$ cat entry_21.txt   # compact mmCIF, C-alpha atoms
# COMPACT_ATOMS: atom_id res chain seq x y z
CA MET A 1 -11.03 -45.81 -27.01
CA SER A 2 -11.96 -46.00 -23.37
CA ALA A 3 -11.17 -43.20 -20.94
CA LEU A 4 -8.88 -45.45 -18.87
CA ARG A 5 -6.83 -46.40 -21.91
CA PHE A 6 -6.61 -42.73 -23.01
CA VAL A 7 -5.37 -41.63 -19.55
CA SER A 8 -2.80 -44.42 -19.36
CA LEU A 9 -1.45 -43.61 -22.84
CA SER A 10 -1.25 -39.91 -21.90
CA ILE A 11 0.75 -40.76 -18.78
CA ILE A 12 3.14 -42.95 -20.77
CA ALA A 13 3.62 -40.21 -23.39
CA ALA A 14 4.32 -37.59 -20.72
CA THR A 15 6.84 -39.90 -19.02
CA LEU A 16 8.68 -40.53 -22.30
CA ALA A 17 8.77 -36.80 -23.08
CA ALA A 18 10.19 -36.00 -19.65
CA ALA A 19 12.85 -38.73 -19.95
CA ALA A 20 13.86 -37.48 -23.39
CA SER A 21 14.23 -33.88 -22.18
CA VAL A 22 16.40 -35.00 -19.24
CA ALA A 23 18.61 -37.02 -21.56
CA LEU A 24 18.91 -34.09 -23.97
CA ALA A 25 19.81 -31.68 -21.17
CA ALA A 26 22.45 -34.07 -19.85
CA SER A 27 24.11 -34.33 -23.26
CA GLU A 28 24.17 -30.52 -23.72
CA SER A 29 25.82 -29.72 -20.37
CA GLU A 30 29.35 -30.84 -21.01
CA PRO A 31 31.90 -29.83 -18.38
CA VAL A 32 33.60 -26.53 -19.13
CA SER A 33 37.20 -25.87 -18.16
CA ARG A 34 38.06 -23.30 -15.51
CA ALA A 35 39.92 -21.21 -18.08
CA GLU A 36 36.85 -21.14 -20.32
CA VAL A 37 34.58 -20.02 -17.45
CA ARG A 38 37.05 -17.28 -16.53
CA ARG A 39 37.23 -16.12 -20.16
CA GLN A 40 33.42 -15.99 -20.40
CA PHE A 41 33.22 -14.02 -17.14
CA LEU A 42 35.85 -11.48 -18.20
CA GLN A 43 34.10 -11.03 -21.54
CA ALA A 44 30.70 -10.51 -19.87
CA ARG A 45 32.21 -8.01 -17.43
CA ALA A 46 33.84 -6.11 -20.29
CA ASP A 47 30.47 -6.03 -22.08
CA GLY A 48 28.83 -4.53 -18.97
CA GLU A 49 26.62 -7.54 -18.18
CA TYR A 50 27.84 -7.85 -14.57
CA ALA A 51 27.42 -5.25 -11.83
CA ARG A 52 30.11 -4.55 -9.28
CA ALA A 53 30.08 -6.51 -6.03
CA GLY A 54 27.52 -5.10 -3.61
CA GLU A 55 25.44 -3.43 -6.29
CA ALA A 56 21.69 -3.89 -6.63
CA MET A 57 20.29 -7.21 -7.79
CA GLN A 58 18.09 -5.57 -10.44
CA SER A 59 19.56 -5.44 -13.89
CA PHE A 60 20.15 -1.70 -14.12
CA PRO A 61 22.34 -0.65 -17.00
CA ILE A 62 25.86 0.20 -15.90
CA VAL A 63 26.63 3.73 -17.02
CA ALA A 64 30.16 4.99 -17.24
CA THR A 65 30.71 8.08 -15.10
CA SER A 66 31.94 11.22 -16.76
CA GLY A 67 35.04 13.02 -15.58
CA SER A 68 34.92 15.97 -13.23
CA THR A 69 34.23 19.37 -14.72
CA LEU A 70 36.42 21.15 -12.15
CA PRO A 71 40.20 21.18 -12.34
CA ARG A 72 42.07 19.50 -9.49
CA GLN A 73 43.61 22.78 -8.27
CA ARG A 74 40.15 24.41 -7.99
CA VAL A 75 38.89 21.54 -5.82
CA ARG A 76 41.98 21.79 -3.59
CA ASP A 77 41.54 25.55 -3.21
CA ASP A 78 37.84 25.17 -2.34
CA THR A 79 38.72 22.55 0.26
CA LEU A 80 41.36 24.78 1.87
CA VAL A 81 38.92 27.69 2.04
CA ALA A 82 36.22 25.47 3.60
CA ARG A 83 38.74 24.17 6.15
CA ALA A 84 39.77 27.72 7.06
CA LEU A 85 36.10 28.70 7.58
CA GLY A 86 35.41 25.58 9.68
CA GLN A 87 32.89 24.20 7.22
CA LEU A 88 34.43 20.75 6.79
CA VAL A 89 32.87 17.84 8.65
CA PRO A 90 35.32 15.25 10.01
CA ALA A 91 35.35 11.94 8.15
CA GLY A 92 32.64 9.56 9.34
CA GLN A 93 30.71 12.25 11.21
CA GLY A 94 28.71 13.69 8.36
CA GLY A 95 25.06 12.92 7.80
CA SER A 96 23.83 10.62 5.08
CA ALA A 97 23.52 12.15 1.65
CA PHE A 98 20.25 10.23 1.23
CA VAL A 99 18.49 11.38 4.41
CA ALA A 100 17.89 15.05 5.05
CA PRO A 101 18.54 16.04 8.69
CA VAL A 102 15.38 16.95 10.55
CA GLY A 103 15.39 19.31 13.51
CA MET A 104 18.19 19.76 15.99
CA PRO A 105 19.86 16.82 17.72
CA MET A 106 18.93 16.68 21.38
CA ALA A 107 20.77 15.29 24.36
CA ARG A 108 19.41 12.09 25.88
CA ALA A 109 18.28 13.89 29.05
CA ASP A 110 16.29 16.38 26.95
CA VAL A 111 14.59 13.57 25.06
CA ARG A 112 13.67 11.80 28.32
CA ASP A 113 12.24 15.01 29.78
CA ASN A 114 10.21 15.67 26.63
CA VAL A 115 8.83 12.12 26.67
CA ARG A 116 7.86 12.40 30.35
CA GLN A 117 6.14 15.72 29.70
CA ALA A 118 4.31 14.32 26.65
CA ASN A 119 3.21 11.34 28.73
CA LEU A 120 1.82 13.62 31.45
CA ASN A 121 0.05 15.73 28.82
CA GLY A 122 -1.59 12.65 27.33
CA GLU A 123 0.19 12.99 24.02
CA LEU A 124 1.56 9.43 24.01
CA ALA A 125 -0.30 6.21 23.35
CA ARG A 126 0.60 2.68 24.31
CA ALA A 127 2.35 0.61 21.69
CA GLY A 128 -0.09 -0.42 18.99
CA GLU A 129 -2.87 1.90 20.16
CA ALA A 130 -1.97 5.05 18.24
CA MET A 131 -4.21 6.05 15.36
CA GLY A 132 -2.20 9.02 14.14
CA PRO A 133 -2.22 12.77 14.66
CA GLY A 134 -5.89 12.71 15.68
CA ASP A 135 -5.13 10.93 18.97
CA ARG A 136 -4.52 14.21 20.76
CA ALA A 137 -8.03 15.43 19.88
CA VAL A 138 -9.57 12.19 21.19
CA ARG A 139 -7.98 12.69 24.63
CA ALA A 140 -8.40 16.47 24.77
CA HIS A 141 -11.50 16.19 26.97
CA MET A 142 -9.59 14.34 29.72
CA SER A 143 -7.90 16.13 32.60
CA ARG A 144 -4.24 15.60 33.43
CA ALA A 145 -5.17 13.56 36.53
CA GLU A 146 -7.38 11.24 34.45
CA ILE A 147 -4.60 10.72 31.96
CA VAL A 148 -2.05 9.95 34.67
CA ALA A 149 -4.50 7.55 36.32
CA MET A 150 -5.13 5.86 32.98
CA ARG A 151 -1.39 5.50 32.36
CA THR A 152 -0.61 4.03 35.78
CA ARG A 153 -3.51 1.55 35.68
CA ARG A 154 -2.39 -1.61 33.96
$ encode --input "entry_21.txt" --output "structure tokens"
Amino acid sequence: MSALRFVSLSIIAATLAAAASVALAASESEPVSRAEVRRQFLQARADGEYARAGEAMQSFPIVATSGSTLPRQRVRDDTLVARALGQLVPAGQGGSAFVAPVGMPMARADVRDNVRQANLNGELARAGEAMGPGDRAVRAHMSRAEIVAMRTRR
């Protein structure tokens, strides 16, 4: 059998196989009623196969949460004591539970003054030029006037 004939027969066989798979897939996908889709969804949700809206896209197992170990009255009493001591944070003003607060919050004027002072001391680098904490050591040999001149020259 020649190579040309072998290639042409291979192409014909591949085409027939693809057409047969498309025809088979079309016959298997019969339309499903809306009620049947809803029933399947409710069953899958009851089985724990669907995550709540807004949850992660990864397929993490959904774990049922356990009940509280504290009685309701104890929680209410603790809340009243915290309110009396001024330890409650107003709703929406608390920090994120995922990010630990770092340092003390500063007023905008304080931040601007600190940035100006760091710029005069040569502690800042232009955007994209910083190499990390070692930058300060690289510029330590320069005087304040040289740093200011370097910053103003563009």
$ atom_distance --input "entry_21.txt" --atom1 "CA of Glu123 (chain A)" --atom2 "CA of Ala149 (chain A)"
14.2 Å
$ atom_distance --input "entry_21.txt" --atom1 "CA of Asn121 (chain A)" --atom2 "CA of Met150 (chain A)"
11.9 Å
$ atom_distance --input "entry_21.txt" --atom1 "CA of Glu30 (chain A)" --atom2 "CA of Ala46 (chain A)"
25.1 Å
$ closest_residue --input "entry_21.txt" --among "A:Leu120, A:Ala127, A:Leu9, A:Ala14" --to "Glu146 (chain A)" --atoms "all atoms listed in the file"
A:Leu120
$ closest_residue --input "entry_21.txt" --among "A:Val148, A:Ala107, A:Arg72, A:Ala35" --to "Asn119 (chain A)" --atoms "all atoms listed in the file"
A:Val148
$ axis_aligned_box --input "entry_21.txt" --around "region 80-85 of chain A" --padding-each-side "3 Å" --output "AutoDock Vina command-line options"
--center_x 38.7 --center_y 26.4 --center_z 4.7 --size_x 11.3 --size_y 10.5 --size_z 11.7
$ decode --input "entry_21.txt" --residues "region 107-127 of chain A" --atoms "N, CA, C and O atoms" --output "mmCIF file, in the first residue's frame"
data_model
loop_
_atom_site.group_PDB
_atom_site.id
_atom_site.type_symbol
_atom_site.label_atom_id
_atom_site.label_comp_id
_atom_site.auth_asym_id
_atom_site.auth_seq_id
_atom_site.Cartn_x
_atom_site.Cartn_y
_atom_site.Cartn_z
ATOM 1 N N ALA A 107 -2.175 60.387 60.829
ATOM 2 C CA ALA A 107 -2.922 61.375 60.068
ATOM 3 C C ALA A 107 -2.211 61.615 58.739
ATOM 4 O O ALA A 107 -1.004 61.371 58.598
ATOM 5 N N ARG A 108 -2.952 62.104 57.766
ATOM 6 C CA ARG A 108 -2.384 62.332 56.437
ATOM 7 C C ARG A 108 -1.221 63.313 56.486
ATOM 8 O O ARG A 108 -0.206 63.129 55.805
ATOM 9 N N ALA A 109 -1.346 64.361 57.291
ATOM 10 C CA ALA A 109 -0.269 65.358 57.396
ATOM 11 C C ALA A 109 0.999 64.712 57.945
ATOM 12 O O ALA A 109 2.111 65.025 57.495
ATOM 13 N N ASP A 110 0.856 63.813 58.913
ATOM 14 C CA ASP A 110 2.030 63.124 59.470
ATOM 15 C C ASP A 110 2.701 62.251 58.422
ATOM 16 O O ASP A 110 3.936 62.195 58.330
ATOM 17 N N VAL A 111 1.897 61.561 57.625
ATOM 18 C CA VAL A 111 2.455 60.712 56.573
ATOM 19 C C VAL A 111 3.219 61.571 55.578
ATOM 20 O O VAL A 111 4.333 61.225 55.162
ATOM 21 N N ARG A 112 2.633 62.692 55.157
ATOM 22 C CA ARG A 112 3.307 63.575 54.187
ATOM 23 C C ARG A 112 4.626 64.101 54.748
ATOM 24 O O ARG A 112 5.638 64.149 54.043
ATOM 25 N N ASP A 113 4.624 64.505 56.030
ATOM 26 C CA ASP A 113 5.866 64.994 56.631
ATOM 27 C C ASP A 113 6.920 63.894 56.698
ATOM 28 O O ASP A 113 8.102 64.139 56.425
ATOM 29 N N ASN A 114 6.509 62.687 57.044
ATOM 30 C CA ASN A 114 7.460 61.576 57.100
ATOM 31 C C ASN A 114 8.031 61.251 55.723
ATOM 32 O O ASN A 114 9.217 60.938 55.593
ATOM 33 N N VAL A 115 7.192 61.328 54.695
ATOM 34 C CA VAL A 115 7.680 61.055 53.339
ATOM 35 C C VAL A 115 8.650 62.143 52.899
ATOM 36 O O VAL A 115 9.690 61.861 52.294
ATOM 37 N N ARG A 116 8.335 63.396 53.184
ATOM 38 C CA ARG A 116 9.271 64.488 52.828
ATOM 39 C C ARG A 116 10.610 64.303 53.529
ATOM 40 O O ARG A 116 11.670 64.468 52.918
ATOM 41 N N GLN A 117 10.557 63.971 54.819
ATOM 42 C CA GLN A 117 11.794 63.789 55.567
ATOM 43 C C GLN A 117 12.592 62.602 55.027
ATOM 44 O O GLN A 117 13.812 62.679 54.874
ATOM 45 N N ALA A 118 11.899 61.497 54.693
ATOM 46 C CA ALA A 118 12.596 60.337 54.136
ATOM 47 C C ALA A 118 13.199 60.672 52.785
ATOM 48 O O ALA A 118 14.293 60.210 52.447
ATOM 49 N N ASN A 119 12.520 61.503 52.011
ATOM 50 C CA ASN A 119 13.049 61.918 50.712
ATOM 51 C C ASN A 119 14.312 62.747 50.896
ATOM 52 O O ASN A 119 15.309 62.558 50.182
ATOM 53 N N LEU A 120 14.300 63.672 51.848
ATOM 54 C CA LEU A 120 15.488 64.489 52.105
ATOM 55 C C LEU A 120 16.639 63.649 52.660
ATOM 56 O O LEU A 120 17.802 63.930 52.395
ATOM 57 N N ASN A 121 16.323 62.609 53.396
ATOM 58 C CA ASN A 121 17.370 61.750 53.959
ATOM 59 C C ASN A 121 17.879 60.714 52.966
ATOM 60 O O ASN A 121 18.775 59.948 53.293
ATOM 61 N N GLY A 122 17.281 60.678 51.781
ATOM 62 C CA GLY A 122 17.726 59.721 50.773
ATOM 63 C C GLY A 122 17.231 58.313 51.013
ATOM 64 O O GLY A 122 17.824 57.351 50.529
ATOM 65 N N GLU A 123 16.157 58.177 51.734
ATOM 66 C CA GLU A 123 15.635 56.859 52.054
ATOM 67 C C GLU A 123 14.610 56.372 51.031
ATOM 68 O O GLU A 123 14.159 55.234 51.114
ATOM 69 N N LEU A 124 14.221 57.213 50.087
ATOM 70 C CA LEU A 124 13.252 56.828 49.070
ATOM 71 C C LEU A 124 13.952 56.621 47.733
ATOM 72 O O LEU A 124 14.971 57.222 47.452
ATOM 73 N N ALA A 125 13.403 55.785 46.929
ATOM 74 C CA ALA A 125 13.915 55.552 45.576
ATOM 75 C C ALA A 125 12.795 55.843 44.596
ATOM 76 O O ALA A 125 11.613 55.779 44.933
ATOM 77 N N ARG A 126 13.155 56.171 43.378
ATOM 78 C CA ARG A 126 12.139 56.380 42.351
ATOM 79 C C ARG A 126 11.413 55.075 42.078
ATOM 80 O O ARG A 126 11.937 53.994 42.332
ATOM 81 N N ALA A 127 10.239 55.194 41.522
ATOM 82 C CA ALA A 127 9.443 53.993 41.245
ATOM 83 C C ALA A 127 10.216 53.055 40.332
ATOM 84 O O ALA A 127 10.742 53.471 39.304
#
